[in-house]
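Below is one structure; the comments refer to it alone.
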Amino acid sequence: MNTRLKALCAGLALLPAIATAGLPAYSPVTDARLTKPEAGNWLMYRGNYEGWGYSALKQINTQNVGKLVPAWSYATGMTEGHQAPPIVNNGYMYVSTPNNQVIALEASTGKELWRYKKTIPDELMQLHPTNRGVALYGDKLYLATTDAFLVALDAATGKELWKVAVADWKKGYYMTLAPLAAKGKIMVGSSGGELGIRGFVAAFDAETGKEAWRTYTIAGPGEAGSETWPGETYKTGGGSVWITGTYDSQTNLAFWGVGNAGPWMPDTRPGDNLYANSTIALDVDTGKLKGHHQYHWNDAWDWDEVSAPLLIDLDYKGKKIKSLVHAGRNGYLWLLERTKDKVNYVDAWPYVTQNVFTSLDPKTGRPTYDAKRIPGTGKTTNFCPSLWGGKDWPPEAYNPGTGLLYIPANNNLCSELTGEPVKYKAGSLYIGVALDNILTNVRMTEKSRKHIGEIQAWDLKTGKQVWTHTYPEMNWGPLMTTAGNLVFGGGTNDRMFRALDAKSGKVLWETPTPSGVTGVPSTFEVNGEQYVAVQSGWGVDAQRMQGAFDAVLEHKTVVPQGGTIHVFKLQK
Amino acid sequence: MKNIPCPACTDATPETVSSPDRRKALKSTSALLLCSGLGLARQVLADDAANSHPKVGDQLARADSEGRPAAMHSAEILPNARPVPAFPLDPASGAMRDGSRLNKVILIRVAPQDLHPDVQPYAAGGVLAYSSVCTHQGCEISEWVPKDQTLMCYCHFSKFSPGRAGEVMAGPAPRTLPLLPLKEVDGVLVVAGPFTARPGVAKSA
C-alpha cells in the first residue's frame, strides 16, 4: 500500500470519530431504560412501551409555546409519506424515511452523522411508500424494510451488521412499521393485506437476527380459531400487522393490532375470521397467543384494527382496571382489560358517526350488524365511517397529567363500495372492489361538508368527551402530548403543525411546513434545552384521501410532496 | 463500461431470498458476482424464456391467460376502455415472458386524431403497448380515465397520456411511461423493438 492510500484509509477510519466529536459516546439501550424511559429521550415509536405518545418534559408549556421557533431543519431528499418519529438517545437522533433509508443526526444541530440506504428491488410495487421508525436496543438500531427485511445497524456508525429476509416481497409482503424491541428480541409484522398475504408477528434475536418465533394472525389448521376460516381461505386471509405493538413488561405480553381480513368482501370467507380485526396478546419469550379481543367479526369495510391498544391503568367509573384503550377504525372507542392470560371486554361506544353496528353484546362486546350496511360481492353498499375509519393508523396519545386520551379522528365521512369477484395471484392485488371505486369511495354528508377532521379529548375515568377541535377537511396527524399540558399534531392539508392546550383544545401555536405533516412527533432534551421534532412529508393514504376528496368536491387541494425534518425550540 | 441492466439476474440476488439460510445466500451471492463480473451467467439465465426481455418478433398474450396462452389480435383492444394487461409471448416455445413484472405491458387503443405523430411509428393499427409499471413507485397502471383520456395509477394518482408517448399529465411520476413498439402481422400484435426506456422506477438518490 502506498503512503497516500495509507493516509486515505487512516482518514476514513477516523470518520465516525470526527463526525460524532460533539457527542458523548453512544449509550446502549437496555430493557431497564425502555421500561422506564428518561424524559429527555424518545427511545421508541411512542416514547414508552405503553404507547402513550407522552413526554414528561415541560420546559415548553402552555405559557410559552407561542415562542417556538425553528432550531434546525433538514431535507430528506425523499418524497411520499414521512411518518416516522425522530427517535432520540442522548443527543443522537435517528429518522427513517421512505425508500429504506435511515438518517442519523446530531439532535441539537441537525448535523448528519451517517445515512443508510437499502436498495429496493426494481420489480417491487410500493403500495405504501413510507416507514414509521426505527427501534433501538443495545448498541444497535433496527429497520424493517419495504422489501420485508429486518436490518441491524451499528447505531454509532451506521454500519450494517446483519439483515434477514422476514418474508417474500414477491408474494406481496412488505414492512413499514417500527420494530418493537424487548427482552433480547426484535419483533415485526408485515403489511400486504391487499395482496393476499397471511399476516404474522415474528421475533428475531437482537444479537444475531436468528428467528425466535412466528405467530400467524390468521388461524390455520390445528390452531384455535381455524374453524372461523372456510377451506383454504386462511392462506390468503390478510390480517396484516403494520403498526408497532405495545408491551406490558410486568406480564411480558406484547399487544398487537391486526388488520382486516382479505379479500374485502365478507362472503368470500364466511365466519368470524380470527384473529383479523383484533388485538392479540403474545408472550414475548415464546410468541404464544395468550389472549385476544376481536373488535368486529367477518370484516367488510377495510377497517384494519392495526393500531396497538394503549396500556393505561385507570379507575373507570369507580373500578380499577389495567386497561387496553383503542380508538377503532370501526368508529368505536374500546376499553378492554388485560390480565396475564386474557383480554376482557369492558365497554365501548362510538366516537364518530357509525351506522353499521346496531348493538354490542354487553358481556363480550361482539357487535350486531345492520344487514343493509354490509358490503358483498355483486352489491353496492353505503356505510359510515368511511373505509379509512374513525381513525386510521395515526396514533392516539394519553396524558397522565390531564387523564385525557386524545384521538386524531375523521368524522362524518362515509363510503360506498361495490363488491366484485376476485381471483388470487401471488404478488397481485387481491381486493374484490374495483380500483376506480376505491379511488372515489367517499360520500360526503351535510355534516362532512362542514367539517371532517377532529382532535377529540376523552376523560377515560368517566367515558365523557371533554373537548373537540375541528378541521374543515381531513386529519391524518399522529398526536403527542406533554407534561407542559400540550398536544402536538399536524395532519391537515394546509401543511400546518400545531400545539393545542391539552385541557381546553385551544390552538396556542401553529406553523406551516413545506409539505403536510403525517409524521409522529417526538420531544427531547439536550443540555437542559427542550426540543420538539416532527417530519413533514405528505403522501400515502392522506394523499389518497385527498385524491378521493378532489374527485367528489368542487375544489381541489394541492399539498406538495418532499420530506423535511423539523426541530423547534423556544426563542431565547 | 456501460452499465447493462441485468433483470434476469434479479432472482439470484441475495435480496430476493425468502429465508436467511446461509448456504442459499452464499450461492446467490456467487451467482450475482458471476452475473456482474463475467456476463456468462447472464447468458445462461437469459435463455430462460420467461425471464428474458421482450424480443423483436414476440407476440403478446393476456396476463391473466389460463392454459396455453394465445397470441392477441389488435381487434381485441377496444377504444375508450380499460387497458388490457399482457406479457410478451415467445412464438417459438409458446412461453409467456412473465418471469418479471418489468416485462408486463398494458395495451390501449388510441383514436387516430389523438395519436401524436411521434407515437405513430410505435402503434399497430392504433394499438399501443406501454409498460404497466408506474415510473413513480412501481405500482400497476390499471385505470382508464375517459374524462381526460389518460392512464392512471391507483397508488398515487399519476396520469399518463397514451396518445402523447406516455407523457406525465398529472401526479408525482417523474418520467414518461416507456413504450414497447408494436407492429401488426395478419392482425396479430407483434413486438417491433425494445422498450423506448427502462421500465420501472427511477431510483432516487
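Ordered as shown in the C-alpha cells, chains take letters A, B, and onward, while each chain numbers its residues from 1 and ligands are numbered from 1 in the order shown.
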Using only C-alpha atoms, determine which residues lie at most 10 Å from Tyr154 (chain B), disregarding the query and same-chain residues fewer than 3 positions distant; provide the list as a list in words. Leu127, Leu435, Asp436, Ile438, Leu439, Arg544 and Gly547 of chain A; Cys134, Cys139, Glu140, Ile141, Ser142, Glu143, Leu151, Phe157, Ser158 and Lys159 of chain B
Env of region 233-238 of chain A: 6 Å cut, atoms = only C-alpha atoms, seq-sep filter 3 positions within chain, self excluded. Answer as a PyMOL selection string. chain A and resi 193+196-199+229-230+261-262
Tell me the residues of chain A close to chain B, meaning within 6 Å using only C-alpha atoms, as a PyMOL selection string. chain A and resi 123+125-126+164-165+167-168
Using only C-alpha atoms, which protein or nucleic acid residues come within 9 Å of Arg97 (chain B)? Drop anything in the same chain fewer than 6 positions from it, and give the result as a tab-separated table (two decimals) with C-alpha atoms, in the first residue's frame.
chain	number	residue	atom	x	y	z
B	48	ASP	CA	-34.93	-18.86	-19.78
B	49	ALA	CA	-37.76	-17.54	-21.96
B	50	ALA	CA	-39.94	-16.43	-19.06
B	51	ASN	CA	-37.25	-14.22	-17.55
B	52	SER	CA	-35.78	-12.62	-20.63
B	53	HIS	CA	-36.68	-9.18	-22.03
B	54	PRO	CA	-39.28	-8.82	-24.77
B	87	PHE	CA	-46.98	-10.24	-21.41
B	88	PRO	CA	-44.72	-10.92	-24.40
B	89	LEU	CA	-45.16	-14.41	-25.81
B	90	ASP	CA	-42.28	-16.34	-27.34
B	103	ASN	CA	-41.97	-7.22	-18.91
B	104	LYS	CA	-45.66	-6.54	-18.37
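The environment of region 163-167 of chain B within 7 Å, counting only C-alpha atoms and disregarding residues fewer than 5 places along the same chain, consists of Val110, Asp114, Leu115, His116, Val119, Thr176, Leu177 and Pro178 of chain B.
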